[in-house]
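Colleague: One structure is given below, represented as structure tokens, and several questions about it will come after.
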There are 2 protein chains.
Amino acid sequence: MIITVSREFGSGGRELGKRLADALGLQYYDKELIEEIARTTALDEKYVTKVLEKGGFANFAFSFAHSLPLSATTPNTVTDVLVAHQKIVTAIAEKGDCVIVGRCADAIAEKYNPVKIFVYADEQSKIKRCRERATEGEDLSDKALKKSFKRIDKGRAKLHDLLSSTPWGEKTGYDLMINTTRIEIKDIIPQLADLCSELANDKR
Amino acid sequence: MIITVSREFGSGGRELGKRLADALGLQYYDKELIEEIARTTALDEKYVTKVLEKGGFANFAFSFAHSLPLSATTPNTVTDVLVAHQKIVTAIAEKGDCVIVGRCADAIAEKYNPVKIFVYADEQSKIKRCRERATEGEDLSDKALKKSFKRIDKGRAKLHDLLSSTPWGEKTGYDLMINTTRIEIKDIIPQLADLCSELANDKR
């Protein structure tokens, strides 16, 4: 059983994925993937994060490289990250029994027949969630947060476009889409876990 | 507890709504609404159906009227249908404990805090479903069915636009969106019913 959780930034997709993994006794992958890609490519974790956040755009390597050690500045490093990313997600999907949050796992793991979830929420609820989870020093004005939502989700959509013919967030690409605007995620986990189990059974 | 089920034509939304109502012991409304609107307005059921299917477009009354008895040809009949439609759906929502399929109930019953579901599927699966449920004499070619999907869903979207600022089928307007492409609807009903109960509790 594989569950992929795609999500709008700030909608609680990570929390939902983690809780779902715990409820179903499945391995959980999110930022662990970044560490693994960094290890495999011998590139900086921050660099790997940025490449995936920017949707892997090729010219990015050159503009971003200036702020990194020289070892990370070869023109092929973006490709290295993308190749490692695909290999690692594929290897995880092959083992099965996991929840993978983000990282285009819905597209990469497609042939392993995952249950594909998309999590979303309205802007005000995403702002509230981001404020509750903020670290010190972050700009938490409405304006700054809305800009972050736009920038981060645009990067996710771009990365998805590299790997799938279905646009990110378009309903046909998912089995289930969940609006977290007016719910407490933890409250729906037992019922959602049961539904995911049944969806996984039915899709086999 | 109120559940509204919006759906793409051919995606099994009616089956899902009926089964959900049975599982939860809720009253079920779909075509019953048409009968009630026809009774209230003293208009023909076919006429009421057509007005709602066409999204209530005003000029429709004149073009369609030719094929109906004279009693149904006044220019105000479209408005009569739309007004009766809203009143009847509101009255049903006010009583509560029901599943309403289609008829823009998600928009009309909004203030009663319904759990809003949208059901969709890919084109091939909708074609298959329509063929399985066809009545004799229907044109069941791919071309004819695809044309029906487009025409009927366009009418649903237009009617929705009259009553809501959120476009029909746009995820922000729903709590849960379910893709029926690769599942047997009946298999997921127990789990979905539990999830809907929890969503209804959480939203109160």
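Going through the structure tokens in order, the chains are called A, B, and so on, while each chain numbers its residues from 1 and the ligands are numbered from 1 in the order shown.
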Check region 84-203 of chain A with DSSP on the backbone and list each residue it calls strand (DSSP E), as a count of residues only.

Modeller: 14

Colleague: Which chain B residues are at most 10 Å from chain A (counting only C-alpha atoms), as number ranges by chain?

Modeller: B: 117-122, 169-185, 187-204

Colleague: Could you check which of B:Lys54, B:Arg103, B:Lys95, B:Arg7 is closest to Lys31 (chain B), using only C-alpha atoms?

Modeller: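 Residue with the minimum atom-to-atom distance to Lys31 (chain B): B:Arg103.
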
Colleague: Just want the 10 Å neighbourhood of Ala93 (chain B), counted on only C-alpha atoms, with same-chain residues fewer than 5 positions away dropped. Output as a ChimeraX atom specification.

Modeller: /B:1-4,87-88,98-100,105,108-114

Colleague: Would you export the selected residues with C-alpha atoms as a PDB file, in the first residue's frame, please?

Modeller:
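File written: again-v8.pdb
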```
ATOM      1  CA  MET B   1     -26.373  16.378   8.989  1.00  0.00           C
ATOM      2  CA  ILE B   2     -26.633  17.427   5.374  1.00  0.00           C
ATOM      3  CA  ILE B   3     -24.535  15.999   2.544  1.00  0.00           C
ATOM      4  CA  THR B   4     -24.610  17.541  -0.914  1.00  0.00           C
ATOM      5  CA  LYS B  87     -37.277  27.536  -2.031  1.00  0.00           C
ATOM      6  CA  ILE B  88     -37.659  23.774  -2.129  1.00  0.00           C
ATOM      7  CA  CYS B  98     -30.514  14.398   4.128  1.00  0.00           C
ATOM      8  CA  VAL B  99     -28.380  13.739   1.067  1.00  0.00           C
ATOM      9  CA  ILE B 100     -29.151  16.009  -1.881  1.00  0.00           C
ATOM     10  CA  ALA B 105     -27.704  22.173  -3.263  1.00  0.00           C
ATOM     11  CA  ILE B 108     -28.319  26.880  -1.891  1.00  0.00           C
ATOM     12  CA  ALA B 109     -27.863  24.985   1.396  1.00  0.00           C
ATOM     13  CA  GLU B 110     -24.539  26.650   2.221  1.00  0.00           C
ATOM     14  CA  LYS B 111     -25.752  28.330   5.422  1.00  0.00           C
ATOM     15  CA  TYR B 112     -26.819  24.967   6.874  1.00  0.00           C
ATOM     16  CA  ASN B 113     -23.166  23.898   6.752  1.00  0.00           C
ATOM     17  CA  PRO B 114     -23.439  20.786   4.579  1.00  0.00           C
TER      18      PRO B 114
END
```

Colleague: Which residues come within 12 Å of Tyr28 (chain A), counting only C-alpha atoms, excluding same-chain residues fewer than 5 positions away, as number ranges by chain?

Modeller: A: 2-5, 14-23, 33, 92-93, 96-102

Colleague: Include C-alpha atoms and write out the residues we just selected as an mmCIF file, in the first residue's frame.

Modeller:
```cif
data_model
loop_
_atom_site.group_PDB
_atom_site.id
_atom_site.type_symbol
_atom_site.label_atom_id
_atom_site.label_comp_id
_atom_site.auth_asym_id
_atom_site.auth_seq_id
_atom_site.Cartn_x
_atom_site.Cartn_y
_atom_site.Cartn_z
ATOM 1 C CA ILE A 2 1.392 3.348 -1.082
ATOM 2 C CA ILE A 3 -0.210 6.708 -0.320
ATOM 3 C CA THR A 4 1.067 9.899 -1.919
ATOM 4 C CA VAL A 5 0.064 13.215 -0.394
ATOM 5 C CA ARG A 14 2.482 17.097 5.971
ATOM 6 C CA GLU A 15 0.538 16.694 9.216
ATOM 7 C CA LEU A 16 -2.127 14.681 7.421
ATOM 8 C CA GLY A 17 0.484 12.436 5.782
ATOM 9 C CA LYS A 18 2.387 11.838 9.016
ATOM 10 C CA ARG A 19 -0.742 11.028 11.000
ATOM 11 C CA LEU A 20 -2.023 8.751 8.231
ATOM 12 C CA ALA A 21 1.298 6.874 8.192
ATOM 13 C CA ASP A 22 1.152 6.430 11.976
ATOM 14 C CA ALA A 23 -2.472 5.258 11.890
ATOM 15 C CA LEU A 33 14.096 12.344 0.743
ATOM 16 C CA ILE A 92 10.904 3.728 -1.959
ATOM 17 C CA ALA A 93 7.730 3.026 -3.949
ATOM 18 C CA GLY A 96 5.882 -0.265 -0.801
ATOM 19 C CA ASP A 97 3.943 0.285 2.438
ATOM 20 C CA CYS A 98 4.650 3.955 2.778
ATOM 21 C CA VAL A 99 3.235 7.472 2.764
ATOM 22 C CA ILE A 100 5.223 9.924 0.649
ATOM 23 C CA VAL A 101 4.464 13.612 1.087
ATOM 24 C CA GLY A 102 5.158 15.888 -1.865
#
```

Colleague: Distance CA of Asn76 (chain B)-CA of Ile152 (chain B), one decimal place?

Modeller: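 Between CA of Asn76 (chain B) and CA of Ile152 (chain B) the gap works out to 23.2 Å.
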
Colleague: Let me make sure I understand: among A:Gln124, A:Thr77, A:Ser141, A:Ser164, which one has the smallest atom-to-atom distance to Ala38 (chain A) if we use only C-alpha atoms?

Modeller: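 With only C-alpha atoms as the atom set, the closest residue is A:Thr77.
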
Colleague: Region 89-127 of chain B: which residues are alpha helix (DSSP H) by DSSP, as a list in words?

Modeller: Val89, Thr90, Ala91, Ile92, Ala93, Glu94, Lys95, Ala105, Asp106, Ala107, Ile108, Glu123, Gln124, Ser125, Lys126 and Ile127 of chain B

Colleague: Rounded to one decimal, what separation in Å do you get between CA of Lys46 (chain A) and CA of Arg133 (chain A)?

Modeller: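 Distance reported for this atom pair: 20.5 Å.
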